[in-house]
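The block underneath contains the structure these notes are about, expressed in C-alpha cells.
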Amino acid sequence: MEKPQYIDWLVEESGVVIKDNIPLKCYKIDYKCDESILDDWALHIRRNYIDDTELEEDAEDNEMPIGKYLHDYIIPQKEEALGSTARSADITEILISDLLEFLYQYSVPRYKLKNRSGKNNSQQGTDVIAYKYKNEDKTPDERDSLVAAEVKATLSKEDYTPIKNAIIDSRKDEHRLARTVNYCRKRLRELGRIEDAKEVKRFLFKPDNNFQITYVAAGVSSRENIDEVIELNFSGEELEIRENERIFYVHGKKLMELAHNIYERCKK
C-alpha cells in the first residue's frame, strides 16, 4: 500500500524496558490536529476495508450513494453494537501492519478486513502476518522471515494491560500460524491477488524450505507518557519471553477519541 502520512507521527522511544530488563520496542503516536494528515489516515484506513474501484462498483450495484454504502456495509459505526470495539481492534491491527511494512520493510498482506461477513465481525487466527524475502528474486532462502503478530488494545484506558495480554495470547500463534498463512493465501487468491498468494505460499512448508519465524506481542493503549521501566504485574512462566519473540508497545493520548475522529472521516 502507499505509505500514509501519519507514519511520521510514530516516534520511537529508546531505553524503555519491561521489569527484569526485558527489551521493548516502544513508539509514541505524537499526533497533531493536522486536517490533511488525518484525512489521509482515514483514506488509508478505508482502503484496508475496500479498494477504490470496488467501492464504486459495489455502491452502484446496490444503487446507493458511496457515503451511505460505506456507512451501512463497510465502516464500523460507534453507535452500533460492537462498533467501537471493532474500530479499536481494526485500527490497531492496521497500525501494527503499517509499522511492520513502512518502518521494518516487511510485506504485509491486507486481506482480513475485506469482504468480511459483517462489518463488526473480527476474523479468528493470527492478527497480523508479515514476511520478507532475503533474495531480490524471491527464491526461497533459509534467511527469509515470517512474522506473526498478536495485537491487543485498550484505546479507552491508559494502563499497560494490552502488553501483558499480547504476550500471553502470542503463544497461541505457534499452533494457529500455519492455518492463518493458508487462510491468507486463499483469501488473496479470492481477491485476485495471485502473485501475493504465491509469495505467501512459500511460508506454508517450513520443513521443505526453512525460514525464520518471529513472534510479535504488540500492545496499544492511551497512555501519553510512560515509565522507563514498565511493570506488568505478572512473572515466572507467565512472563517467559521466547528467544524468537519481540514485544512492541504503541501509546498516545486519547487514542479512542483519535480513532473515532479518523473513522468519521472515512470516505471515498
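Letters A, B, ... go to the chains of the C-alpha cells in the order shown; residues in each chain start at 1; ligands are counted from 1 in the same order.
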
Backbone-only DSSP, strand (DSSP E or B) members of segment 6-250 of chain A, as a count of residues only = 47

All helix (DSSP H, G or I) residues (DSSP, backbone) inside segment 38-246 of chain A, as a CSV table (one decimal) with N, CA, C and O atoms, in the first residue's frame:
chain,number,residue,atom,x,y,z
A,38,LEU,N,-4.9,13.8,9.0
A,38,LEU,CA,-6.0,13.0,9.5
A,38,LEU,C,-6.8,12.4,8.4
A,38,LEU,O,-7.3,11.3,8.4
A,39,ASP,N,-7.1,13.3,7.4
A,39,ASP,CA,-7.9,12.8,6.2
A,39,ASP,C,-7.2,11.7,5.4
A,39,ASP,O,-7.8,10.8,5.0
A,40,ASP,N,-5.9,11.9,5.3
A,40,ASP,CA,-5.0,10.9,4.6
A,40,ASP,C,-5.0,9.6,5.4
A,40,ASP,O,-5.1,8.5,4.8
A,41,TRP,N,-5.0,9.7,6.7
A,41,TRP,CA,-5.0,8.5,7.5
A,41,TRP,C,-6.4,7.8,7.4
A,41,TRP,O,-6.4,6.5,7.2
A,42,ALA,N,-7.4,8.5,7.3
A,42,ALA,CA,-8.8,7.9,7.2
A,42,ALA,C,-8.9,7.3,5.8
A,42,ALA,O,-9.5,6.2,5.7
A,43,LEU,N,-8.4,7.9,4.8
A,43,LEU,CA,-8.4,7.2,3.4
A,43,LEU,C,-7.6,5.9,3.5
A,43,LEU,O,-8.1,4.9,2.9
A,44,HIS,N,-6.5,5.9,4.1
A,44,HIS,CA,-5.7,4.7,4.3
A,44,HIS,C,-6.5,3.6,5.0
A,44,HIS,O,-6.5,2.5,4.6
A,45,ILE,N,-7.1,4.0,6.1
A,45,ILE,CA,-8.0,3.0,6.8
A,45,ILE,C,-9.0,2.5,5.9
A,45,ILE,O,-9.3,1.3,5.9
A,46,ARG,N,-9.7,3.4,5.2
A,46,ARG,CA,-10.8,2.9,4.4
A,46,ARG,C,-10.3,1.9,3.3
A,46,ARG,O,-11.0,0.9,3.0
A,47,ARG,N,-9.2,2.2,2.7
A,47,ARG,CA,-8.6,1.3,1.7
A,47,ARG,C,-8.2,-0.1,2.2
A,47,ARG,O,-8.1,-1.0,1.4
A,48,ASN,N,-8.0,-0.2,3.5
A,48,ASN,CA,-7.8,-1.5,4.1
A,48,ASN,C,-9.1,-2.3,4.1
A,48,ASN,O,-9.0,-3.6,4.2
A,49,TYR,N,-10.3,-1.7,4.1
A,49,TYR,CA,-11.5,-2.3,4.0
A,49,TYR,C,-12.0,-2.6,2.6
A,49,TYR,O,-12.5,-3.7,2.3
A,52,ASP,N,-10.7,1.4,-4.0
A,52,ASP,CA,-11.5,2.5,-4.7
A,52,ASP,C,-12.5,2.0,-5.7
A,52,ASP,O,-13.6,2.3,-5.7
A,53,THR,N,-11.9,1.2,-6.7
A,53,THR,CA,-12.7,0.7,-7.8
A,53,THR,C,-13.9,-0.2,-7.3
A,53,THR,O,-15.0,-0.1,-7.7
A,54,GLU,N,-13.5,-1.1,-6.4
A,54,GLU,CA,-14.6,-2.0,-5.8
A,54,GLU,C,-15.6,-1.2,-5.1
A,54,GLU,O,-16.8,-1.6,-5.2
A,55,LEU,N,-15.2,-0.2,-4.4
A,55,LEU,CA,-16.2,0.7,-3.7
A,55,LEU,C,-17.2,1.3,-4.6
A,55,LEU,O,-18.4,1.3,-4.4
A,56,GLU,N,-16.7,1.8,-5.7
A,56,GLU,CA,-17.6,2.5,-6.7
A,56,GLU,C,-18.5,1.4,-7.3
A,56,GLU,O,-19.7,1.7,-7.5
A,57,GLU,N,-18.0,0.3,-7.7
A,57,GLU,CA,-18.8,-0.8,-8.3
A,57,GLU,C,-19.9,-1.3,-7.3
A,57,GLU,O,-21.0,-1.5,-7.7
A,58,ASP,N,-19.5,-1.5,-6.1
A,58,ASP,CA,-20.4,-2.1,-5.1
A,58,ASP,C,-21.5,-1.1,-4.8
A,58,ASP,O,-22.7,-1.5,-4.6
A,59,ALA,N,-21.2,0.2,-4.6
A,59,ALA,CA,-22.2,1.2,-4.4
A,59,ALA,C,-23.2,1.3,-5.5
A,59,ALA,O,-24.4,1.4,-5.3
A,60,GLU,N,-22.6,1.2,-6.7
A,60,GLU,CA,-23.5,1.3,-7.9
A,60,GLU,C,-24.4,0.1,-8.0
A,60,GLU,O,-25.6,0.2,-8.3
A,61,ASP,N,-23.9,-1.1,-7.7
A,61,ASP,CA,-24.6,-2.3,-7.8
A,61,ASP,C,-25.8,-2.3,-6.8
A,61,ASP,O,-26.8,-2.9,-7.0
A,66,ILE,N,-22.1,6.4,-2.4
A,66,ILE,CA,-20.9,5.8,-1.8
A,66,ILE,C,-20.9,6.0,-0.3
A,66,ILE,O,-20.5,5.1,0.4
A,67,GLY,N,-21.2,7.2,0.1
A,67,GLY,CA,-21.1,7.5,1.6
A,67,GLY,C,-22.0,6.6,2.4
A,67,GLY,O,-21.7,6.1,3.4
A,68,LYS,N,-23.3,6.4,1.9
A,68,LYS,CA,-24.2,5.6,2.6
A,68,LYS,C,-23.8,4.1,2.5
A,68,LYS,O,-23.9,3.4,3.5
A,69,TYR,N,-23.2,3.7,1.4
A,69,TYR,CA,-22.8,2.3,1.3
A,69,TYR,C,-21.6,2.0,2.3
A,69,TYR,O,-21.6,1.0,3.0
A,70,LEU,N,-20.7,3.0,2.4
A,70,LEU,CA,-19.6,2.8,3.4
A,70,LEU,C,-20.2,2.8,4.8
A,70,LEU,O,-19.8,1.9,5.6
A,71,HIS,N,-21.1,3.6,5.1
A,71,HIS,CA,-21.7,3.7,6.4
A,71,HIS,C,-22.5,2.4,6.8
A,71,HIS,O,-22.3,1.9,7.9
A,72,ASP,N,-23.2,1.9,5.9
A,72,ASP,CA,-24.1,0.8,6.1
A,72,ASP,C,-23.5,-0.6,6.1
A,72,ASP,O,-23.8,-1.5,6.8
A,73,TYR,N,-22.4,-0.7,5.2
A,73,TYR,CA,-21.9,-2.0,4.9
A,73,TYR,C,-20.4,-2.2,5.2
A,73,TYR,O,-20.0,-3.3,5.3
A,74,ILE,N,-19.6,-1.1,5.3
A,74,ILE,CA,-18.2,-1.3,5.3
A,74,ILE,C,-17.6,-0.8,6.6
A,74,ILE,O,-16.8,-1.5,7.3
A,83,GLY,N,-19.5,-1.7,17.6
A,83,GLY,CA,-18.9,-0.8,16.6
A,83,GLY,C,-17.6,-0.2,17.1
A,83,GLY,O,-16.6,-0.2,16.4
A,84,SER,N,-17.7,0.3,18.3
A,84,SER,CA,-16.4,0.9,18.9
A,84,SER,C,-15.4,-0.1,19.1
A,84,SER,O,-14.2,0.2,18.9
A,85,THR,N,-15.8,-1.3,19.5
A,85,THR,CA,-14.8,-2.4,19.7
A,85,THR,C,-14.1,-2.8,18.4
A,85,THR,O,-12.9,-3.0,18.3
A,86,ALA,N,-15.0,-2.8,17.3
A,86,ALA,CA,-14.4,-3.2,16.0
A,86,ALA,C,-13.4,-2.1,15.6
A,86,ALA,O,-12.4,-2.4,15.0
A,87,ARG,N,-13.8,-0.8,15.8
A,87,ARG,CA,-12.9,0.3,15.4
A,87,ARG,C,-11.6,0.2,16.1
A,87,ARG,O,-10.5,0.3,15.5
A,88,SER,N,-11.6,-0.1,17.4
A,88,SER,CA,-10.4,-0.2,18.2
A,88,SER,C,-9.5,-1.4,17.7
A,88,SER,O,-8.3,-1.2,17.5
A,89,ALA,N,-10.1,-2.5,17.5
A,89,ALA,CA,-9.4,-3.7,17.1
A,89,ALA,C,-8.8,-3.5,15.7
A,89,ALA,O,-7.6,-3.8,15.4
A,90,ASP,N,-9.6,-3.0,14.8
A,90,ASP,CA,-9.2,-2.8,13.4
A,90,ASP,C,-8.1,-1.8,13.2
A,90,ASP,O,-7.1,-2.0,12.5
A,91,ILE,N,-8.3,-0.6,13.8
A,91,ILE,CA,-7.3,0.4,13.6
A,91,ILE,C,-5.9,0.1,14.2
A,91,ILE,O,-4.9,0.4,13.7
A,92,THR,N,-5.9,-0.7,15.3
A,92,THR,CA,-4.7,-1.1,15.9
A,92,THR,C,-4.0,-2.2,15.1
A,92,THR,O,-2.8,-2.2,15.0
A,93,GLU,N,-4.8,-3.1,14.5
A,93,GLU,CA,-4.1,-4.1,13.7
A,93,GLU,C,-3.6,-3.4,12.4
A,93,GLU,O,-2.5,-3.8,11.9
A,94,ILE,N,-4.3,-2.4,11.9
A,94,ILE,CA,-3.7,-1.7,10.7
A,94,ILE,C,-2.5,-1.0,11.2
A,94,ILE,O,-1.5,-0.9,10.4
A,95,LEU,N,-2.5,-0.4,12.4
A,95,LEU,CA,-1.3,0.4,12.9
A,95,LEU,C,-0.1,-0.5,12.9
A,95,LEU,O,1.0,-0.2,12.5
A,96,ILE,N,-0.2,-1.7,13.5
A,96,ILE,CA,0.9,-2.7,13.6
A,96,ILE,C,1.3,-3.1,12.2
A,96,ILE,O,2.5,-3.3,11.9
A,97,SER,N,0.4,-3.4,11.3
A,97,SER,CA,0.7,-3.7,9.9
A,97,SER,C,1.5,-2.6,9.3
A,97,SER,O,2.5,-2.9,8.6
A,98,ASP,N,1.1,-1.4,9.5
A,98,ASP,CA,1.8,-0.2,8.9
A,98,ASP,C,3.2,-0.1,9.5
A,98,ASP,O,4.2,0.2,8.8
A,99,LEU,N,3.3,-0.3,10.8
A,99,LEU,CA,4.6,-0.3,11.4
A,99,LEU,C,5.6,-1.3,10.8
A,99,LEU,O,6.8,-1.0,10.5
A,100,LEU,N,5.1,-2.5,10.7
A,100,LEU,CA,5.9,-3.6,10.1
A,100,LEU,C,6.3,-3.3,8.6
A,100,LEU,O,7.4,-3.6,8.2
A,101,GLU,N,5.3,-2.8,7.9
A,101,GLU,CA,5.6,-2.5,6.5
A,101,GLU,C,6.4,-1.3,6.2
A,101,GLU,O,7.4,-1.4,5.4
A,102,PHE,N,6.1,-0.2,6.8
A,102,PHE,CA,6.8,1.1,6.4
A,102,PHE,C,8.0,1.4,7.3
A,102,PHE,O,8.8,2.2,6.9
A,103,LEU,N,8.1,0.8,8.5
A,103,LEU,CA,9.3,1.1,9.3
A,103,LEU,C,10.3,-0.1,9.3
A,103,LEU,O,11.5,0.1,9.4
A,161,THR,N,-1.9,-3.1,30.4
A,161,THR,CA,-2.5,-4.4,30.3
A,161,THR,C,-2.4,-5.0,28.9
A,161,THR,O,-2.2,-6.3,28.8
A,162,PRO,N,-2.6,-4.3,27.8
A,162,PRO,CA,-2.5,-4.9,26.5
A,162,PRO,C,-1.2,-5.5,26.2
A,162,PRO,O,-1.2,-6.5,25.5
A,163,ILE,N,-0.1,-5.1,26.8
A,163,ILE,CA,1.2,-5.7,26.6
A,163,ILE,C,1.2,-7.1,27.2
A,163,ILE,O,1.5,-8.1,26.5
A,164,LYS,N,0.7,-7.2,28.4
A,164,LYS,CA,0.6,-8.5,29.1
A,164,LYS,C,-0.3,-9.4,28.3
A,164,LYS,O,0.1,-10.6,28.1
A,165,ASN,N,-1.5,-9.0,27.9
A,165,ASN,CA,-2.4,-9.8,27.2
A,165,ASN,C,-1.8,-10.3,25.9
A,165,ASN,O,-2.1,-11.4,25.4
A,166,ALA,N,-1.1,-9.4,25.2
A,166,ALA,CA,-0.5,-9.8,23.9
A,166,ALA,C,0.6,-10.9,24.1
A,166,ALA,O,0.7,-11.8,23.3
A,167,ILE,N,1.4,-10.7,25.1
A,167,ILE,CA,2.4,-11.7,25.4
A,167,ILE,C,1.8,-13.1,25.7
A,167,ILE,O,2.2,-14.1,25.1
A,168,ILE,N,0.7,-13.1,26.5
A,168,ILE,CA,0.1,-14.4,26.8
A,168,ILE,C,-0.6,-15.0,25.6
A,168,ILE,O,-0.4,-16.2,25.3
A,169,ASP,N,-1.3,-14.2,24.8
A,169,ASP,CA,-2.0,-14.8,23.6
A,169,ASP,C,-1.1,-15.0,22.4
A,169,ASP,O,-1.4,-15.8,21.5
A,170,SER,N,0.1,-14.4,22.4
A,170,SER,CA,1.0,-14.7,21.3
A,170,SER,C,1.5,-16.1,21.3
A,170,SER,O,1.8,-16.6,20.2
A,173,ASP,N,-0.1,-18.4,18.7
A,173,ASP,CA,0.3,-18.3,17.3
A,173,ASP,C,1.2,-19.5,16.9
A,173,ASP,O,1.2,-19.8,15.7
A,174,GLU,N,1.9,-20.1,17.8
A,174,GLU,CA,2.7,-21.3,17.4
A,174,GLU,C,1.8,-22.4,16.8
A,174,GLU,O,2.2,-23.2,16.0
A,175,HIS,N,0.5,-22.5,17.3
A,175,HIS,CA,-0.4,-23.5,16.8
A,175,HIS,C,-1.3,-23.1,15.7
A,175,HIS,O,-1.7,-23.9,14.9
A,176,ARG,N,-1.6,-21.8,15.6
A,176,ARG,CA,-2.5,-21.4,14.6
A,176,ARG,C,-1.9,-20.6,13.4
A,176,ARG,O,-2.6,-20.3,12.5
A,177,LEU,N,-0.6,-20.4,13.5
A,177,LEU,CA,0.1,-19.7,12.4
A,177,LEU,C,-0.1,-20.3,11.0
A,177,LEU,O,-0.4,-19.6,10.0
A,178,ALA,N,0.2,-21.6,10.9
A,178,ALA,CA,0.1,-22.3,9.7
A,178,ALA,C,-1.3,-22.2,9.1
A,178,ALA,O,-1.5,-21.9,7.8
A,179,ARG,N,-2.4,-22.3,9.9
A,179,ARG,CA,-3.7,-22.2,9.4
A,179,ARG,C,-4.0,-20.7,8.9
A,179,ARG,O,-4.7,-20.5,7.9
A,180,THR,N,-3.4,-19.8,9.6
A,180,THR,CA,-3.6,-18.4,9.2
A,180,THR,C,-2.9,-18.1,7.9
A,180,THR,O,-3.5,-17.4,7.0
A,181,VAL,N,-1.7,-18.6,7.7
A,181,VAL,CA,-1.0,-18.4,6.5
A,181,VAL,C,-1.8,-19.0,5.3
A,181,VAL,O,-1.9,-18.4,4.3
A,182,ASN,N,-2.3,-20.2,5.5
A,182,ASN,CA,-3.0,-20.8,4.5
A,182,ASN,C,-4.3,-20.1,4.2
A,182,ASN,O,-4.7,-19.9,3.0
A,183,TYR,N,-5.0,-19.6,5.2
A,183,TYR,CA,-6.2,-18.8,5.0
A,183,TYR,C,-5.9,-17.5,4.3
A,183,TYR,O,-6.6,-17.1,3.3
A,184,CYS,N,-4.8,-16.9,4.6
A,184,CYS,CA,-4.3,-15.7,4.0
A,184,CYS,C,-4.1,-16.0,2.5
A,184,CYS,O,-4.5,-15.2,1.6
A,185,ARG,N,-3.4,-17.1,2.2
A,185,ARG,CA,-3.2,-17.4,0.8
A,185,ARG,C,-4.4,-17.6,0.0
A,185,ARG,O,-4.6,-17.1,-1.1
A,186,LYS,N,-5.4,-18.3,0.6
A,186,LYS,CA,-6.7,-18.5,-0.1
A,186,LYS,C,-7.5,-17.2,-0.3
A,186,LYS,O,-8.1,-17.0,-1.4
A,187,ARG,N,-7.5,-16.3,0.7
A,187,ARG,CA,-8.2,-15.1,0.6
A,187,ARG,C,-7.5,-14.2,-0.5
A,187,ARG,O,-8.3,-13.5,-1.2
A,188,LEU,N,-6.2,-14.2,-0.5
A,188,LEU,CA,-5.5,-13.4,-1.6
A,188,LEU,C,-5.9,-13.8,-3.0
A,188,LEU,O,-6.1,-13.0,-3.9
A,189,ARG,N,-6.0,-15.1,-3.1
A,189,ARG,CA,-6.5,-15.7,-4.4
A,189,ARG,C,-7.9,-15.2,-4.7
A,189,ARG,O,-8.2,-14.8,-5.9
A,190,GLU,N,-8.8,-15.3,-3.7
A,190,GLU,CA,-10.2,-14.9,-3.9
A,190,GLU,C,-10.2,-13.4,-4.3
A,190,GLU,O,-11.1,-13.0,-5.1
A,194,ILE,N,-3.0,-12.8,-7.2
A,194,ILE,CA,-2.4,-14.1,-7.4
A,194,ILE,C,-1.0,-14.2,-7.0
A,194,ILE,O,-0.5,-15.1,-6.4
A,195,GLU,N,-0.2,-13.1,-7.4
A,195,GLU,CA,1.2,-13.1,-7.1
A,195,GLU,C,1.5,-13.0,-5.6
A,195,GLU,O,2.4,-13.7,-5.1
A,196,ASP,N,0.7,-12.2,-4.9
A,196,ASP,CA,0.8,-12.1,-3.5
A,196,ASP,C,0.5,-13.5,-2.8
A,196,ASP,O,1.2,-13.9,-1.9
A,197,ALA,N,-0.5,-14.2,-3.4
A,197,ALA,CA,-0.8,-15.5,-2.8
A,197,ALA,C,0.4,-16.5,-3.0
A,197,ALA,O,0.7,-17.3,-2.1
A,198,LYS,N,1.0,-16.4,-4.2
A,198,LYS,CA,2.2,-17.3,-4.4
A,198,LYS,C,3.3,-17.0,-3.4
A,198,LYS,O,4.0,-17.9,-3.0
A,199,GLU,N,3.5,-15.7,-3.1
A,199,GLU,CA,4.6,-15.3,-2.2
A,199,GLU,C,4.3,-15.8,-0.8
A,199,GLU,O,5.2,-16.3,-0.1
A,200,VAL,N,3.0,-15.8,-0.4
A,200,VAL,CA,2.6,-16.2,0.9
A,200,VAL,C,2.8,-17.8,1.0
A,200,VAL,O,3.2,-18.3,2.1
A,201,LYS,N,2.5,-18.5,-0.1
A,201,LYS,CA,2.5,-19.9,-0.1
A,201,LYS,C,3.9,-20.4,0.3
A,201,LYS,O,4.0,-21.5,0.9
A,202,ARG,N,4.9,-19.7,0.0
A,202,ARG,CA,6.3,-20.1,0.3
A,202,ARG,C,6.4,-20.4,1.8
A,202,ARG,O,7.3,-21.2,2.2
A,203,PHE,N,5.6,-19.7,2.7
A,203,PHE,CA,5.8,-19.9,4.1
A,203,PHE,C,4.8,-20.9,4.7
A,203,PHE,O,4.6,-20.9,5.9
A,204,LEU,N,4.3,-21.8,3.8
A,204,LEU,CA,3.5,-22.9,4.3
A,204,LEU,C,4.3,-24.1,4.7
A,204,LEU,O,3.9,-24.9,5.6
A,236,GLY,N,7.3,-15.1,36.3
A,236,GLY,CA,7.5,-16.5,36.2
A,236,GLY,C,7.2,-17.0,34.8
A,236,GLY,O,7.5,-16.3,33.8
A,237,GLU,N,6.6,-18.2,34.7
A,237,GLU,CA,6.4,-18.8,33.4
A,237,GLU,C,5.4,-17.9,32.5
A,237,GLU,O,5.5,-17.9,31.3
A,238,GLU,N,4.5,-17.2,33.2
A,238,GLU,CA,3.6,-16.4,32.5
A,238,GLU,C,4.2,-15.3,31.7
A,238,GLU,O,3.7,-14.9,30.7
A,239,LEU,N,5.4,-14.8,32.2
A,239,LEU,CA,6.1,-13.7,31.5
A,239,LEU,C,7.3,-14.2,30.7
A,239,LEU,O,8.1,-13.5,30.3

Might you pull out every residue within 9 Å of segment 17-22 of chain A, with only C-alpha atoms counted and same-chain residues fewer than 5 positions away left off, and present them as a list in words?
-> Asp227, Glu228, Val229, Ile230, Glu231, Leu232, Ile241 and Ile247 of chain A

Tell me, counting only C-alpha atoms, for each residue of segment 172-236 of chain A within 9 Å of segment 143-155 of chain A, which pair of atoms is nearest and how far apart they are in Å to one decimal, in rows ordered by chain and increasing number, as CSV.
residue,atom,partner,partner_atom,distance
A:Asp173,CA,A:Ala148,CA,6.9
A:Glu174,CA,A:Ala148,CA,8.8
A:Leu177,CA,A:Ala148,CA,7.1
A:Phe203,CA,A:Leu146,CA,7.2
A:Asn210,CA,A:Arg143,CA,8.0
A:Phe211,CA,A:Asp144,CA,5.1
A:Gln212,CA,A:Ser145,CA,4.7
A:Ile213,CA,A:Leu146,CA,4.9
A:Thr214,CA,A:Val147,CA,4.8
A:Tyr215,CA,A:Ala148,CA,4.9
A:Val216,CA,A:Ala149,CA,4.4
A:Ala217,CA,A:Glu150,CA,5.1
A:Ala218,CA,A:Val151,CA,4.8
A:Gly219,CA,A:Lys152,CA,5.0
A:Val220,CA,A:Ala153,CA,4.6
A:Ser221,CA,A:Leu155,CA,4.9
A:Ser222,CA,A:Leu155,CA,5.3
A:Arg223,CA,A:Leu155,CA,8.9

Between atom CA of Tyr160 of chain A and atom CA of Glu12 of chain A - distance in Å to one decimal =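 These atoms are spaced 17.2 Å apart.
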
Residues within 12 Å of Cys33 of chain A, only C-alpha atoms, excluding chain neighbours under 2 positions, as a PDB file with C-alpha atoms, in the first residue's frame:
ATOM      1  CA  TYR A   6       0.706   9.660   9.778  1.00  0.00           C
ATOM      2  CA  TRP A   9       3.915  10.712  13.890  1.00  0.00           C
ATOM      3  CA  ASP A  30       2.795  12.101  18.642  1.00  0.00           C
ATOM      4  CA  TYR A  31      -0.133  13.379  16.612  1.00  0.00           C
ATOM      5  CA  GLU A  35      -6.614  18.018   8.970  1.00  0.00           C
ATOM      6  CA  SER A  36      -4.820  16.882   5.814  1.00  0.00           C
ATOM      7  CA  ILE A  37      -2.859  14.143   7.614  1.00  0.00           C
ATOM      8  CA  LEU A  38      -5.954  12.954   9.499  1.00  0.00           C
ATOM      9  CA  ASP A  39      -7.902  12.823   6.211  1.00  0.00           C
ATOM     10  CA  LEU A 258      -8.436   9.850  17.812  1.00  0.00           C
ATOM     11  CA  ASN A 261     -12.097  11.173  14.657  1.00  0.00           C
ATOM     12  CA  ILE A 262     -10.364   9.196  11.913  1.00  0.00           C
TER      13      ILE A 262
END

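One distance worth recording is that between atom CA of Tyr104 of chain A and atom CA of Lys119 of chain A, which is 29.3 Å.
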
Between atom CA of Ile7 of chain A and atom CA of Ile226 of chain A, what is the spacing in Å?
->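 Interatomic distance, atom CA of Ile226 of chain A to atom CA of Ile7 of chain A: 20.2 Å.
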